[in-house]
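Undergrad: Attaching a single structure in structure tokens format; questions to follow.
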Amino acid sequence: MKNTAEIQKQIIEAVNTVRKKNPMAGSITNTITINFVANAQLAVGGSAAMVYLPEEGEVLAQIGGAFYINVGGLLPIYEQTLPLTAKTLHDAEKPWVLDPVAVGIGTLRTELLSGFKEYKPSIIRGNASEIIALAGLWGLEGENKSNVRGVDSTDTVAAAKTAAIALAEWTGGAVAVSGETDLVTDGSIVVYSHGGSHFMEKITGSGCSLGGVCAVYATAADPFIAALTATAVYNLAGRRAEQKAEGPGDFQIHFLNALYNASAEDIANNPFEIEEV
Amino acid sequence: MKNTAEIQKQIIEAVNTVRKKNPMAGSITNTITINFVANAQLAVGGSAAMVYLPEEGEVLAQIGGAFYINVGGLLPIYEQTLPLTAKTLHDAEKPWVLDPVAVGIGTLRTELLSGFKEYKPSIIRGNASEIIALAGLWGLEGENKSNVRGVDSTDTVAAAKTAAIALAEWTGGAVAVSGETDLVTDGSIVVYSHGGSHFMEKITGSGCSLGGVCAVYATAADPFIAALTATAVYNLAGRRAEQKAEGPGDFQIHFLNALYNASAEDIANNPFEIEEV
Amino acid sequence: MKNTAEIQKQIIEAVNTVRKKNPMAGSITNTITINFVANAQLAVGGSAAMVYLPEEGEVLAQIGGAFYINVGGLLPIYEQTLPLTAKTLHDAEKPWVLDPVAVGIGTLRTELLSGFKEYKPSIIRGNASEIIALAGLWGLEGENKSNVRGVDSTDTVAAAKTAAIALAEWTGGAVAVSGETDLVTDGSIVVYSHGGSHFMEKITGSGCSLGGVCAVYATAADPFIAALTATAVYNLAGRRAEQKAEGPGDFQIHFLNALYNASAEDIANNPFEIEEV
């Protein structure tokens, strides 16, 4: 089992590698928060590119170091673009992040998310309700019942622990559950990451952009470290931004600044605890 | 006829109910300002969800407390999504807000807006030119002629008064006309709301996001109070933000902060006058 | 050949005319940065309108003073919208700006960009790699080979000089190449414009919004002066914003403020050098 010092060392490496290499992570994501996703990816040192068309998803999957797929705000063309892109990522063994926004709502979303099971996303990021619902959809956990209300979570992170572990075991990657305390697991250990801000629920896109940043770090670290690094820098930046913010307007500004200015050491030292599964 | 004290009491209730219950209002809106709409809805205490597909519009119409439809930046799928969503809202008796952006431009927009007549939006929000043009399109007022130039208004709010009243009488709801002084009517009384900022024309989305915020308040108050509460908080926040802003960049930030920080009492006390029709 | 004083006089006229007349420049642009494009256009004094549908592109091309077409993040409908809009602009002799984002990636983008050759965009704006690649695609320059990586440039501005001149000679308009020092040419002279900020690569949309602002100035000046005015105000605002910014979050805010607050004289006095071709 990984220990704290080892994890921190790998976080520092992930942060520094991204800042040095400016890696590109492509995205297919909803138009509501697409700008914030791109700006967050740039703030941590990555490069962003967003597409809609099947062919462009395929190309971007091949040339990027990792990929982010978010199923909020589906467009008609996604029926073709998303399966092709996910298959390309899987076949090319590229790390990719799945954000199962609003899982359970609509037949196209259900069909797309069901189809992703075989392409095994390297990182799955969602709130507790989404993680529980996705595990249910994939037949990995029958007991819990999720409460998805559009994009908001009505379940607790603790309630999603079993589902998160089941998903990570299936994919062989990592799962990050966002909540008051965040949970990141690779199926063998669970890490709880602390910090963030109440303002993160008062702006749109804190979850989506975290998914996009997971993809950036996935170009430079294994899925577990990538998800934890992204979660840690979000918790750190959220806390720092809240100290300066007068409201959700400038919170978003201070948050992007904090993503950009956080040192690798500070990110690694953001409080977390390890729990064996 | 409602008096000032009664209106103020209802505004306070609307503001507090929204902050307490965090109600969801779904939206179908243009991609240009979609992020600002969502952030404004969150800043006043609501929850946001935006969709594109017909099925998702239908579901969101059913599960949300109210809905916002904005016809700027039409996508091809809207030909199916918008009529289905509006019909669903009407059949389910859910309050919904129509923002007839750029009415008169393009056959699809004209067709969609014509079709909305029978679904009677609870609140219609637009600038003077849009309100006059919509009343004309719906055959409710033959004399005035609107001057629509894309998204900008070339008519005065006063010139739109008759059209606004005619629309409100038809829908049985409320109409809000944005301008230097804003006008809100339910067909029986007209209220003039003061405040705002010249910077609101120097940022994109002040009108769209006002429409989205109208929908949030429509989950907690009748259409007239919802439209007036949204207009009042916008006028208040605009004035406060202008006092701090050095330009349109930070105006937007201070504005979101002010939406979030305004007390219910301050919103209710934002200056307005009542005029009987 | 134009001299410095003459150019500065024309820049001042362009800035003042736009601020006085609030001209509308329509856009078809990617959803990632569409909000920033609109806000930048408004900040310099223009009016913005963005569309997707073929018919709306056609109408907006006819009623606007100029147009901006950006081929990032293509949507399926653009296969119809973009050729029709470009043809309409050409036939109506309206100035229009082409931003060949990610030229070389995908068959639809290649097809669209190839088709634009005959419609001769008044201003072509891109980074060095994009300018070299477009000149190659249009068969105007056979020797250089571009390195396009999604949206990022891996070529220098100097390396794109020949391509930029070749493009300007073909269109009879202007070409602006963005980089550490920017290059603007009308095919007969080359101007190097200085300033900007390292933060412009740490936010998304600095290039797109520059293209949108070129279109705003193209309503009030010839393509060369329009492109140079836009480049100059960007370099000035970038430098001023960097002095105040703590990171990429508030850089964007200070940048919009600086676009809004820059005097016409300061824009004209932003350092540039002239070189005869």
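All residue names refer to the structure tokens as shown: chains lettered A, B, ... in order, residues numbered from 1 in each chain, ligands numbered from 1 in order.
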Might you pull out every residue within 10 Å of stretch 263-266 of chain C, with only C-alpha atoms counted and same-chain residues fewer than 4 positions away left off, and present them as JSON, numbers by chain?
TA: {"C": [8, 9, 11, 12, 13, 14, 15, 16, 19, 229, 232, 233, 236, 258, 259, 270, 271]}
Undergrad: Based on only C-alpha atoms, which of the residues in chain B come within 12 Å of chain C? I want them as an MDAnalysis selection string.
TA: chainID B and resid 30:37 71:79 101:110 148:153 199:206 245:254
Undergrad: Could those selected residues go to a file with C-alpha atoms, as a tab-separated table (two decimals), in the first residue's frame?
TA:
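Now in again.tsv:
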chain	number	residue	atom	x	y	z
B	30	ASN	CA	-27.76	30.40	-26.18
B	31	THR	CA	-24.14	29.32	-25.74
B	32	ILE	CA	-22.83	32.88	-25.78
B	33	THR	CA	-24.02	33.75	-22.31
B	34	ILE	CA	-24.98	30.34	-20.92
B	35	ASN	CA	-22.26	30.35	-18.29
B	36	PHE	CA	-23.24	33.76	-16.99
B	37	VAL	CA	-26.91	32.71	-16.84
B	71	VAL	CA	-34.08	31.95	-28.47
B	72	GLY	CA	-30.71	33.59	-29.13
B	73	GLY	CA	-28.14	31.52	-31.02
B	74	LEU	CA	-30.55	28.81	-32.22
B	75	LEU	CA	-29.17	25.34	-32.90
B	76	PRO	CA	-30.83	23.01	-35.44
B	77	ILE	CA	-32.16	20.63	-32.78
B	78	TYR	CA	-34.12	23.47	-31.18
B	79	GLU	CA	-36.71	23.05	-33.92
B	101	VAL	CA	-33.97	37.54	-28.32
B	102	ALA	CA	-33.67	38.85	-31.88
B	103	VAL	CA	-37.36	38.23	-32.63
B	104	GLY	CA	-38.00	38.90	-36.29
B	105	ILE	CA	-34.67	37.56	-37.51
B	106	GLY	CA	-34.84	34.22	-39.33
B	107	THR	CA	-37.67	31.88	-40.21
B	108	LEU	CA	-36.97	29.28	-37.50
B	109	ARG	CA	-37.02	31.90	-34.75
B	110	THR	CA	-40.24	33.36	-36.11
B	148	VAL	CA	-34.77	45.14	-33.71
B	149	ARG	CA	-31.06	45.15	-34.52
B	150	GLY	CA	-29.86	41.71	-33.56
B	151	VAL	CA	-29.73	41.79	-29.80
B	152	ASP	CA	-29.85	45.53	-29.23
B	153	SER	CA	-32.88	47.67	-28.62
B	199	PHE	CA	-21.94	48.75	-17.77
B	200	MET	CA	-24.82	46.32	-18.25
B	201	GLU	CA	-24.72	47.14	-21.95
B	202	LYS	CA	-20.96	46.71	-22.00
B	203	ILE	CA	-21.08	43.06	-20.94
B	204	THR	CA	-22.82	40.27	-22.76
B	205	GLY	CA	-25.60	38.41	-21.00
B	206	SER	CA	-27.07	40.91	-18.59
B	245	ALA	CA	-15.95	48.61	-11.06
B	246	GLU	CA	-13.06	50.01	-13.07
B	247	GLY	CA	-14.47	48.59	-16.29
B	248	PRO	CA	-16.73	45.92	-17.75
B	249	GLY	CA	-14.34	43.15	-16.68
B	250	ASP	CA	-14.63	43.60	-12.95
B	251	PHE	CA	-18.18	44.93	-13.23
B	252	GLN	CA	-19.30	41.40	-14.07
B	253	ILE	CA	-17.48	40.05	-11.00
B	254	HIS	CA	-18.82	42.68	-8.62
Undergrad: If I take atom CA of C:Leu137 and atom CA of C:Ser122, how far is one from the other in Å, to one decimal?
TA: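 Straight-line distance from atom CA of C:Leu137 to atom CA of C:Ser122 works out to 17.6 Å.
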Undergrad: For B:Leu228, list every protein, DNA or RNA residue within 8 Å, evaluated using only C-alpha atoms, and leave out those in the same chain fewer than 3 positions away; present the list as a list in words.
TA: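 Counting only C-alpha atoms, the residues come to Ile11, Ala176, Val184, Ser193, Phe224, Ile225, Thr231 and Ala232 of chain B.
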Undergrad: As an exercise, work out the distance from atom CA of C:Gly187 to atom CA of C:Ala230 in Å and give it to one decimal place.
TA: 18.0 Å
Undergrad: For the atom pair atom CA of A:Leu84 and atom CA of A:Glu169, what is the interatomic distance in Å to one decimal place?
TA: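 For atom CA of A:Leu84 relative to atom CA of A:Glu169, the distance reads 23.9 Å.
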Undergrad: Let's see if you can do this: from backbone DSSP, list all strand (DSSP E) residues in stretch 19-192 of chain A, as JSON, numbers by chain.
TA: {"A": [24, 25, 26, 27, 28, 47, 48, 49, 50, 66, 67, 68, 69, 70, 96, 97, 98, 99, 123, 124, 125, 126, 127, 148, 149, 152, 153, 174, 175, 176, 177, 178, 182, 183, 184, 185, 189, 190, 191, 192]}
Undergrad: Since we have the selection now, will you write its residues out, keeping N, CA and C atoms, as a short mmCIF file (atom, residue, chain, number, x, y, z; two decimals), in the first residue's frame?
TA:
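Listing of part_11.cif after writing:
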data_model
loop_
_atom_site.label_atom_id
_atom_site.label_comp_id
_atom_site.auth_asym_id
_atom_site.auth_seq_id
_atom_site.Cartn_x
_atom_site.Cartn_y
_atom_site.Cartn_z
N MET A 24 -1.16 18.53 -23.72
CA MET A 24 -2.52 18.75 -24.19
C MET A 24 -3.44 17.61 -23.78
N ALA A 25 -4.56 17.99 -23.17
CA ALA A 25 -5.64 17.04 -22.90
C ALA A 25 -6.87 17.56 -23.64
N GLY A 26 -7.37 16.79 -24.57
CA GLY A 26 -8.58 17.17 -25.30
C GLY A 26 -9.82 16.96 -24.46
N SER A 27 -10.89 17.60 -24.83
CA SER A 27 -12.16 17.46 -24.10
C SER A 27 -13.35 17.46 -25.04
N ILE A 28 -14.35 16.69 -24.65
CA ILE A 28 -15.70 16.86 -25.17
C ILE A 28 -16.55 17.12 -23.94
N SER A 47 -2.63 22.26 -21.62
CA SER A 47 -3.13 22.89 -22.84
C SER A 47 -4.49 22.26 -23.14
N ALA A 48 -5.42 23.05 -23.66
CA ALA A 48 -6.80 22.59 -23.83
C ALA A 48 -7.23 22.61 -25.29
N ALA A 49 -8.08 21.69 -25.67
CA ALA A 49 -8.72 21.70 -26.99
C ALA A 49 -10.05 20.98 -26.85
N MET A 50 -11.10 21.62 -27.34
CA MET A 50 -12.44 21.07 -27.22
C MET A 50 -13.05 20.85 -28.60
N ALA A 66 -4.10 12.83 -22.96
CA ALA A 66 -5.22 12.29 -22.19
C ALA A 66 -6.48 12.99 -22.68
N PHE A 67 -7.63 12.59 -22.15
CA PHE A 67 -8.89 13.12 -22.66
C PHE A 67 -9.91 13.23 -21.54
N TYR A 68 -10.80 14.19 -21.71
CA TYR A 68 -11.88 14.41 -20.74
C TYR A 68 -13.23 14.34 -21.45
N ILE A 69 -14.10 13.46 -20.99
CA ILE A 69 -15.45 13.35 -21.54
C ILE A 69 -16.47 13.65 -20.44
N ASN A 70 -17.31 14.64 -20.72
CA ASN A 70 -18.34 15.09 -19.78
C ASN A 70 -19.67 15.01 -20.50
N TRP A 96 -8.17 8.42 -19.93
CA TRP A 96 -9.28 9.36 -20.13
C TRP A 96 -10.16 9.42 -18.90
N VAL A 97 -10.80 10.56 -18.75
CA VAL A 97 -11.61 10.87 -17.58
C VAL A 97 -13.07 10.92 -17.99
N LEU A 98 -13.90 10.25 -17.24
CA LEU A 98 -15.35 10.30 -17.49
C LEU A 98 -16.05 11.06 -16.36
N ASP A 99 -16.87 12.02 -16.75
CA ASP A 99 -17.67 12.79 -15.80
C ASP A 99 -19.14 12.46 -16.11
N ILE A 123 -10.14 7.43 -15.17
CA ILE A 123 -10.62 8.14 -13.98
C ILE A 123 -12.11 8.42 -14.17
N ILE A 124 -12.88 8.14 -13.15
CA ILE A 124 -14.28 8.55 -13.14
C ILE A 124 -14.42 9.58 -12.04
N ARG A 125 -14.95 10.75 -12.40
CA ARG A 125 -15.12 11.81 -11.41
C ARG A 125 -16.58 12.24 -11.36
N GLY A 126 -17.15 12.29 -10.18
CA GLY A 126 -18.52 12.74 -10.08
C GLY A 126 -18.86 13.05 -8.64
N ASN A 127 -20.07 13.54 -8.42
CA ASN A 127 -20.51 13.68 -7.04
C ASN A 127 -21.05 12.32 -6.59
N VAL A 148 -30.18 11.32 -7.92
CA VAL A 148 -29.63 12.31 -8.82
C VAL A 148 -30.70 13.37 -9.11
N ARG A 149 -30.35 14.64 -8.90
CA ARG A 149 -31.27 15.72 -9.26
C ARG A 149 -30.52 16.62 -10.22
N ASP A 152 -26.96 18.10 -9.29
CA ASP A 152 -26.67 18.22 -7.87
C ASP A 152 -26.70 16.86 -7.18
N SER A 153 -25.92 16.73 -6.15
CA SER A 153 -25.86 15.48 -5.41
C SER A 153 -26.71 15.56 -4.16
N ALA A 174 -8.94 4.86 -11.41
CA ALA A 174 -9.27 5.56 -10.17
C ALA A 174 -10.66 6.20 -10.26
N VAL A 175 -11.23 6.45 -9.09
CA VAL A 175 -12.51 7.14 -9.00
C VAL A 175 -12.38 8.27 -7.98
N ALA A 176 -12.87 9.45 -8.35
CA ALA A 176 -12.86 10.59 -7.44
C ALA A 176 -14.30 11.03 -7.18
N VAL A 177 -14.65 11.06 -5.90
CA VAL A 177 -15.99 11.48 -5.51
C VAL A 177 -15.90 12.85 -4.85
N SER A 178 -16.58 13.83 -5.42
CA SER A 178 -16.52 15.19 -4.89
C SER A 178 -17.62 15.41 -3.86
N ASP A 182 -13.52 15.03 -0.07
CA ASP A 182 -13.47 14.28 -1.32
C ASP A 182 -12.83 12.92 -1.09
N LEU A 183 -13.26 11.97 -1.87
CA LEU A 183 -12.74 10.61 -1.79
C LEU A 183 -12.11 10.24 -3.12
N VAL A 184 -10.91 9.68 -3.06
CA VAL A 184 -10.25 9.19 -4.27
C VAL A 184 -9.79 7.77 -3.99
N THR A 185 -10.11 6.86 -4.91
CA THR A 185 -9.71 5.47 -4.68
C THR A 185 -9.22 4.82 -5.98
N ILE A 189 -6.81 1.31 -2.12
CA ILE A 189 -6.82 2.25 -1.00
C ILE A 189 -7.80 3.38 -1.28
N VAL A 190 -8.23 3.99 -0.19
CA VAL A 190 -9.13 5.15 -0.30
C VAL A 190 -8.42 6.33 0.36
N VAL A 191 -8.40 7.45 -0.32
CA VAL A 191 -7.81 8.65 0.26
C VAL A 191 -8.91 9.70 0.41
N TYR A 192 -8.92 10.34 1.57
CA TYR A 192 -9.86 11.44 1.82
C TYR A 192 -9.08 12.75 1.76
#
Undergrad: Output as a PyMOL selection string all residues of stretch 37-257 of chain A that backbone DSSP marks as helix (DSSP H, G or I).
TA: chain A and resi 37-43+54-63+78-91+107-119+128-137+158-171+198-201+206-218+223-244+248-257
Undergrad: Return the single residue from C:Pro95, C:Thr219, C:Glu180, C:Ile131 that is closest to C:Ala166, with distances computed using only C-alpha atoms.
TA: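 Of all the options, C:Ile131 lies closest to C:Ala166.
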